[in-house]
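See below for my_file_26.cif, which holds mmCIF, C-alpha atoms.
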data_coords
loop_
_atom_site.label_atom_id
_atom_site.label_comp_id
_atom_site.auth_asym_id
_atom_site.auth_seq_id
_atom_site.Cartn_x
_atom_site.Cartn_y
_atom_site.Cartn_z
CA MET C 19 0.00 0.00 0.00
CA PRO C 20 1.31 3.50 -0.76
CA GLU C 21 2.20 5.88 2.07
CA TYR C 22 1.28 9.53 2.14
CA SER C 23 1.93 12.37 4.53
CA THR C 24 -0.48 14.78 6.11
CA LYS C 25 -0.06 17.74 8.45
CA GLU C 26 -2.15 18.43 11.54
CA TRP C 27 -2.16 21.93 13.05
CA LYS C 28 -1.91 22.12 16.81
CA THR C 29 -5.23 22.66 18.62
CA ASP C 30 -6.95 25.80 17.32
CA SER C 31 -4.83 26.35 14.17
CA SER C 32 -4.10 29.95 15.11
CA ASP C 33 -0.85 31.85 14.96
CA THR C 34 1.14 32.69 18.09
CA ASN C 35 3.00 36.00 18.16
CA ILE C 36 6.61 35.85 19.40
CA TYR C 37 7.86 39.36 18.52
CA LYS C 38 6.09 42.57 17.53
CA THR C 39 7.38 46.15 17.34
CA ASN C 40 5.34 49.35 17.62
CA TYR C 41 4.71 49.63 13.86
CA TYR C 42 2.77 46.35 14.14
CA SER C 43 0.99 47.43 17.37
CA GLY C 44 3.48 45.71 19.67
CA ALA C 45 5.84 46.76 22.43
CA ASP C 46 9.08 44.95 21.49
CA ALA C 47 12.18 46.96 20.56
CA ASP C 48 12.91 47.83 16.93
CA ILE C 49 15.66 45.68 15.41
CA SER C 50 19.14 47.18 15.16
CA THR C 51 21.29 45.22 17.59
CA GLU C 52 20.37 41.53 17.90
CA LYS C 53 16.97 40.93 19.48
CA PHE C 54 15.40 37.53 20.13
CA THR C 55 11.97 36.03 19.60
CA ASP C 56 10.18 34.27 22.42
CA ASP C 57 10.84 30.57 22.94
CA ILE C 58 9.33 28.10 20.47
CA ASP C 59 8.66 24.82 22.28
CA LEU C 60 8.91 21.91 19.83
CA THR C 61 9.13 19.11 22.38
CA GLU C 62 5.66 17.73 21.67
CA TYR C 63 4.82 18.93 18.16
CA PRO C 64 7.98 18.77 16.00
CA ASN C 65 7.15 21.15 13.09
CA VAL C 66 6.65 24.89 13.05
CA ASP C 67 5.89 27.35 10.28
CA ILE C 68 7.19 30.84 11.06
CA HIS C 69 6.05 34.05 9.39
CA PHE C 70 8.28 37.14 9.48
CA LYS C 71 6.85 40.48 8.33
CA PHE C 72 9.21 43.46 8.45
CA LEU C 73 9.78 47.00 7.26
CA GLY C 74 13.14 48.77 7.22
CA ASN C 75 13.30 52.55 7.62
CA ASN C 76 15.54 52.56 4.50
CA ALA C 77 16.97 50.04 1.99
CA THR C 78 20.59 50.12 3.16
CA ASP C 79 20.91 47.00 5.36
CA ASP C 80 19.44 43.53 5.00
CA LEU C 81 17.85 41.56 7.83
CA TYR C 82 19.80 38.65 9.33
CA LEU C 83 17.94 35.79 10.99
CA LYS C 84 19.88 33.41 13.26
CA LEU C 85 18.40 30.17 14.62
CA TYR C 86 19.28 28.98 18.14
CA LYS C 87 18.38 25.68 19.84
CA ARG C 88 18.37 24.29 23.42
CA ASN C 89 16.92 21.22 25.13
CA ASP C 90 15.07 23.47 27.62
CA SER C 91 13.64 26.98 27.67
CA VAL C 92 16.28 28.56 29.93
CA TRP C 93 17.95 30.93 27.45
CA THR C 94 21.17 32.45 28.81
CA GLY C 95 22.29 34.47 25.78
CA ASN C 96 25.49 32.41 25.58
CA GLU C 97 24.12 29.84 23.11
CA LEU C 98 25.96 29.32 19.85
CA GLN C 99 24.01 29.87 16.66
CA TRP C 100 22.63 26.49 15.57
CA LYS C 101 22.12 27.03 11.81
CA SER C 102 23.70 29.29 9.20
CA THR C 103 22.56 32.92 9.13
CA LEU C 104 19.67 33.62 6.78
CA THR C 105 20.02 36.88 4.88
CA ILE C 106 16.68 38.41 3.95
CA GLU C 107 16.95 41.18 1.38
CA ASN C 108 15.49 44.54 2.35
CA ASP C 109 14.41 46.96 -0.36
CA GLY C 110 12.78 49.44 2.03
CA THR C 111 9.25 48.13 1.50
CA GLU C 112 7.29 45.80 3.75
CA THR C 113 8.51 42.25 3.16
CA GLU C 114 7.23 38.85 4.26
CA TYR C 115 9.39 35.77 4.73
CA HIS C 116 8.37 32.25 5.73
CA TYR C 117 10.57 29.64 7.36
CA THR C 118 9.78 26.08 8.42
CA ILE C 119 11.59 24.24 11.20
CA PRO C 120 11.12 20.65 9.99
CA MET C 121 10.94 17.46 12.02
CA ASN C 122 14.50 16.46 11.18
CA TYR C 123 15.83 19.42 13.22
CA GLY C 124 14.69 17.42 16.26
CA ALA C 125 12.69 18.11 19.38
CA GLY C 126 13.78 21.00 21.54
CA HIS C 127 13.37 24.71 22.16
CA TYR C 128 14.18 27.22 19.43
CA ARG C 129 14.34 30.97 19.01
CA PHE C 130 15.48 33.40 16.34
CA GLY C 131 17.98 36.20 16.71
CA MET C 132 17.21 39.16 14.42
CA VAL C 133 19.76 41.84 13.54
CA ARG C 134 20.59 44.23 10.71
CA SER C 135 23.48 43.44 8.36
CA GLY C 136 25.12 46.87 8.79
CA SER C 137 24.71 49.90 11.02
CA THR C 138 22.14 52.09 9.26
CA THR C 139 18.70 50.46 8.93
CA THR C 140 16.27 49.98 11.81
CA PHE C 141 13.60 47.32 11.34
CA ASP C 142 10.05 47.06 12.58
CA ILE C 143 9.04 43.40 12.63
CA GLN C 144 6.27 41.00 13.50
CA VAL C 145 7.01 37.29 13.96
CA ASP C 146 4.25 34.70 14.30
CA TYR C 147 4.35 30.93 14.25
CA ARG C 148 2.03 27.97 13.95
CA ILE C 149 3.00 24.57 15.33
CA SER C 150 2.04 21.39 13.53
CA ARG C 151 2.90 17.73 13.39
CA SER C 152 3.10 15.50 10.36
CA TRP C 153 1.79 11.99 10.02
CA ASN C 154 2.77 9.26 7.60
CA LEU C 155 -0.31 7.23 6.85
CA MET C 156 -0.73 3.96 5.02
CA ARG C 157 -3.70 3.50 2.72
CA THR C 158 -5.71 0.39 3.53
CA ASP C 159 -7.90 0.22 0.44
#

Starting from the file, lay out its structure as C-alpha cells.
Amino acid sequence: MPEYSTKEWKTDSSDTNIYKTNYYSGADADISTEKFTDDIDLTEYPNVDIHFKFLGNNATDDLYLKLYKRNDSVWTGNELQWKSTLTIENDGTETEYHYTIPMNYGAGHYRFGMVRSGSTTTFDIQVDYRISRSWNLMRTD
C-alpha cells in the first residue's frame, strides 16, 4: 500500500506571536542590535511554520535571521548559533518571509535572533508561528 503524509495543526490552528514592534501594534524593541523572539517549544509537536513580516526605515541593510536551539527553555544568551545565518533582502518596502523548522531538526526549544546586516537600517518586525505535526499514513484500500 502507498504511504502519504499529512499535516495536523496544533489545537486551534491559530498563529502565536513571538515578537512585535510598535509599527505592528506591539511593544518589542525595533531591530538594530540583535533581538530575540520568544521561545518556540517543539518538544511535543515537531514542526513549526514561522512568518516574518518586516519594514526597514531605508533600503541600506538587509535583515539577518539566526536560529538557536536548546533542550530546555532557559535561554542564557550564551548559546551558539545552531544554523547558518539567513540573509533576507530589504528593499525598504514591507517584506514577508516564511521559514519552516522541519521534524528532522529534532525536538527542543528554538528561538530566532534578528539583527541588521550593517549599522544604518532599523527594522520594525512582527514574527508569528504555527505549530504542527506530520503523520505518515498507510492506505488500507

Inset, instruction - For the structure provided, state which residues fall under the PyMOL selection byres ((chain C and resi 79-91) around 8), and present them as an MDAnalysis selection string. - result: chainID C and resid 57 59 76:78 92:93 97:108 125:139 141

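The two atoms in question, atom CA of Tyr147 of chain C and atom CA of Val66 of chain C, are spaced 6.6 Å apart.
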
Inset, instruction - Quick one: everything within 8 Å of Asn65 of chain C, counting only C-alpha atoms, minus sequence neighbours fewer than 2 positions away in the same chain. Send it as a PyMOL selection string. - result: chain C and resi 60+63+67+118-121+149-152

Legend entry - From C:Asp46, C:Phe72, C:Ile143, C:Thr94, residue lying nearest Thr113 of chain C [all atoms listed in the file]: C:Phe72

Go ahead and fit an axis-aligned box to every listed atom of segment 106-115 of chain C plus 5 Å each side, and pass me the centre and edge lengths in Å, one decimal, as JSON.
{"center_x": 12.1, "center_y": 42.6, "center_z": 2.2, "size_x": 19.7, "size_y": 23.7, "size_z": 15.1}

Inset, instruction - For atom CA of Ser50 of chain C and atom CA of Tyr123 of chain C, determine how far apart the two atoms are, in Å to one decimal place. - result: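 For atom CA of Ser50 of chain C relative to atom CA of Tyr123 of chain C, the distance reads 28.0 Å.
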
Legend entry - Residues matched by the PyMOL selection byres ((chain C and resi 35) around 12) as an MDAnalysis selection string: chainID C and resid 32:34 36:39 42:46 55:58 68:71 143:149

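Atom pair atom CA of His116 of chain C / atom CA of Thr140 of chain C has a distance of 20.3 Å (rounded to one decimal).
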
Inset, instruction - Would you list the residues near (4.5, 50.1, 10.1), meaning any protein, DNA or RNA residue with an atom at most 8 Å from that point in file coordinates, counting all atoms listed in the file, as a ChimeraX atom specification? - result: /C:40-42,73,142

How about completing segment 80-111 of chain C with N, CA and C atoms and giving it to me as a PDB file, keeping the file's coordinate frame?
ATOM      1  N   ASP C  80      20.336  44.679   5.057  1.00  0.00           N
ATOM      2  CA  ASP C  80      19.440  43.530   5.000  1.00  0.00           C
ATOM      3  C   ASP C  80      19.157  43.046   6.416  1.00  0.00           C
ATOM      4  N   LEU C  81      18.197  42.141   6.545  1.00  0.00           N
ATOM      5  CA  LEU C  81      17.850  41.560   7.830  1.00  0.00           C
ATOM      6  C   LEU C  81      18.498  40.193   7.948  1.00  0.00           C
ATOM      7  N   TYR C  82      19.213  39.956   9.046  1.00  0.00           N
ATOM      8  CA  TYR C  82      19.800  38.650   9.330  1.00  0.00           C
ATOM      9  C   TYR C  82      18.932  37.924  10.341  1.00  0.00           C
ATOM     10  N   LEU C  83      18.657  36.651  10.063  1.00  0.00           N
ATOM     11  CA  LEU C  83      17.940  35.790  10.990  1.00  0.00           C
ATOM     12  C   LEU C  83      18.880  34.659  11.408  1.00  0.00           C
ATOM     13  N   LYS C  84      19.000  34.435  12.721  1.00  0.00           N
ATOM     14  CA  LYS C  84      19.880  33.410  13.260  1.00  0.00           C
ATOM     15  C   LYS C  84      19.053  32.467  14.117  1.00  0.00           C
ATOM     16  N   LEU C  85      19.185  31.164  13.883  1.00  0.00           N
ATOM     17  CA  LEU C  85      18.400  30.170  14.620  1.00  0.00           C
ATOM     18  C   LEU C  85      19.235  29.573  15.744  1.00  0.00           C
ATOM     19  N   TYR C  86      18.643  29.539  16.941  1.00  0.00           N
ATOM     20  CA  TYR C  86      19.280  28.980  18.140  1.00  0.00           C
ATOM     21  C   TYR C  86      18.432  27.819  18.647  1.00  0.00           C
ATOM     22  N   LYS C  87      19.087  26.868  19.326  1.00  0.00           N
ATOM     23  CA  LYS C  87      18.380  25.680  19.840  1.00  0.00           C
ATOM     24  C   LYS C  87      18.931  25.304  21.214  1.00  0.00           C
ATOM     25  N   ARG C  88      18.030  24.832  22.082  1.00  0.00           N
ATOM     26  CA  ARG C  88      18.370  24.290  23.420  1.00  0.00           C
ATOM     27  C   ARG C  88      17.466  23.086  23.695  1.00  0.00           C
ATOM     28  N   ASN C  89      17.832  22.301  24.734  1.00  0.00           N
ATOM     29  CA  ASN C  89      16.920  21.220  25.130  1.00  0.00           C
ATOM     30  C   ASN C  89      15.869  21.722  26.128  1.00  0.00           C
ATOM     31  N   ASP C  90      16.054  22.904  26.693  1.00  0.00           N
ATOM     32  CA  ASP C  90      15.070  23.470  27.620  1.00  0.00           C
ATOM     33  C   ASP C  90      14.837  24.936  27.248  1.00  0.00           C
ATOM     34  N   SER C  91      14.001  25.597  28.016  1.00  0.00           N
ATOM     35  CA  SER C  91      13.640  26.980  27.670  1.00  0.00           C
ATOM     36  C   SER C  91      14.396  28.018  28.496  1.00  0.00           C
ATOM     37  N   VAL C  92      15.504  27.644  29.097  1.00  0.00           N
ATOM     38  CA  VAL C  92      16.280  28.560  29.930  1.00  0.00           C
ATOM     39  C   VAL C  92      17.373  29.206  29.083  1.00  0.00           C
ATOM     40  N   TRP C  93      17.013  30.242  28.346  1.00  0.00           N
ATOM     41  CA  TRP C  93      17.950  30.930  27.450  1.00  0.00           C
ATOM     42  C   TRP C  93      18.871  31.826  28.266  1.00  0.00           C
ATOM     43  N   THR C  94      20.185  31.674  28.062  1.00  0.00           N
ATOM     44  CA  THR C  94      21.170  32.450  28.810  1.00  0.00           C
ATOM     45  C   THR C  94      21.770  33.581  27.982  1.00  0.00           C
ATOM     46  N   GLY C  95      21.650  33.505  26.655  1.00  0.00           N
ATOM     47  CA  GLY C  95      22.290  34.470  25.780  1.00  0.00           C
ATOM     48  C   GLY C  95      23.701  34.047  25.383  1.00  0.00           C
ATOM     49  N   ASN C  96      24.158  32.923  25.902  1.00  0.00           N
ATOM     50  CA  ASN C  96      25.490  32.410  25.580  1.00  0.00           C
ATOM     51  C   ASN C  96      25.433  31.249  24.591  1.00  0.00           C
ATOM     52  N   GLU C  97      24.262  30.957  24.041  1.00  0.00           N
ATOM     53  CA  GLU C  97      24.120  29.840  23.110  1.00  0.00           C
ATOM     54  C   GLU C  97      24.807  30.173  21.791  1.00  0.00           C
ATOM     55  N   LEU C  98      25.397  29.159  21.180  1.00  0.00           N
ATOM     56  CA  LEU C  98      25.960  29.320  19.850  1.00  0.00           C
ATOM     57  C   LEU C  98      24.843  29.198  18.826  1.00  0.00           C
ATOM     58  N   GLN C  99      24.970  29.939  17.761  1.00  0.00           N
ATOM     59  CA  GLN C  99      24.010  29.870  16.660  1.00  0.00           C
ATOM     60  C   GLN C  99      23.978  28.439  16.149  1.00  0.00           C
ATOM     61  N   TRP C 100      22.774  27.890  15.921  1.00  0.00           N
ATOM     62  CA  TRP C 100      22.630  26.490  15.570  1.00  0.00           C
ATOM     63  C   TRP C 100      22.653  26.241  14.068  1.00  0.00           C
ATOM     64  N   LYS C 101      22.139  27.142  13.277  1.00  0.00           N
ATOM     65  CA  LYS C 101      22.120  27.030  11.810  1.00  0.00           C
ATOM     66  C   LYS C 101      22.753  28.266  11.190  1.00  0.00           C
ATOM     67  N   SER C 102      23.098  28.157   9.916  1.00  0.00           N
ATOM     68  CA  SER C 102      23.700  29.290   9.200  1.00  0.00           C
ATOM     69  C   SER C 102      22.761  30.493   9.192  1.00  0.00           C
ATOM     70  N   THR C 103      23.337  31.684   9.183  1.00  0.00           N
ATOM     71  CA  THR C 103      22.560  32.920   9.130  1.00  0.00           C
ATOM     72  C   THR C 103      21.770  33.003   7.832  1.00  0.00           C
ATOM     73  N   LEU C 104      20.510  33.373   7.951  1.00  0.00           N
ATOM     74  CA  LEU C 104      19.670  33.620   6.780  1.00  0.00           C
ATOM     75  C   LEU C 104      19.692  35.106   6.492  1.00  0.00           C
ATOM     76  N   THR C 105      20.026  35.484   5.275  1.00  0.00           N
ATOM     77  CA  THR C 105      20.020  36.880   4.880  1.00  0.00           C
ATOM     78  C   THR C 105      18.751  37.163   4.094  1.00  0.00           C
ATOM     79  N   ILE C 106      17.928  38.049   4.603  1.00  0.00           N
ATOM     80  CA  ILE C 106      16.680  38.410   3.950  1.00  0.00           C
ATOM     81  C   ILE C 106      16.850  39.808   3.372  1.00  0.00           C
ATOM     82  N   GLU C 107      16.737  39.898   2.053  1.00  0.00           N
ATOM     83  CA  GLU C 107      16.950  41.180   1.380  1.00  0.00           C
ATOM     84  C   GLU C 107      15.902  42.206   1.794  1.00  0.00           C
ATOM     85  N   ASN C 108      16.350  43.430   1.954  1.00  0.00           N
ATOM     86  CA  ASN C 108      15.490  44.540   2.350  1.00  0.00           C
ATOM     87  C   ASN C 108      15.569  45.612   1.277  1.00  0.00           C
ATOM     88  N   ASP C 109      14.432  45.907   0.652  1.00  0.00           N
ATOM     89  CA  ASP C 109      14.410  46.960  -0.360  1.00  0.00           C
ATOM     90  C   ASP C 109      13.707  48.227   0.149  1.00  0.00           C
ATOM     91  N   GLY C 110      13.427  48.267   1.455  1.00  0.00           N
ATOM     92  CA  GLY C 110      12.780  49.440   2.030  1.00  0.00           C
ATOM     93  C   GLY C 110      11.273  49.396   2.012  1.00  0.00           C
ATOM     94  N   THR C 111      10.699  48.306   1.462  1.00  0.00           N
ATOM     95  CA  THR C 111       9.250  48.130   1.500  1.00  0.00           C
ATOM     96  C   THR C 111       8.925  46.967   2.432  1.00  0.00           C
TER      97      THR C 111
END
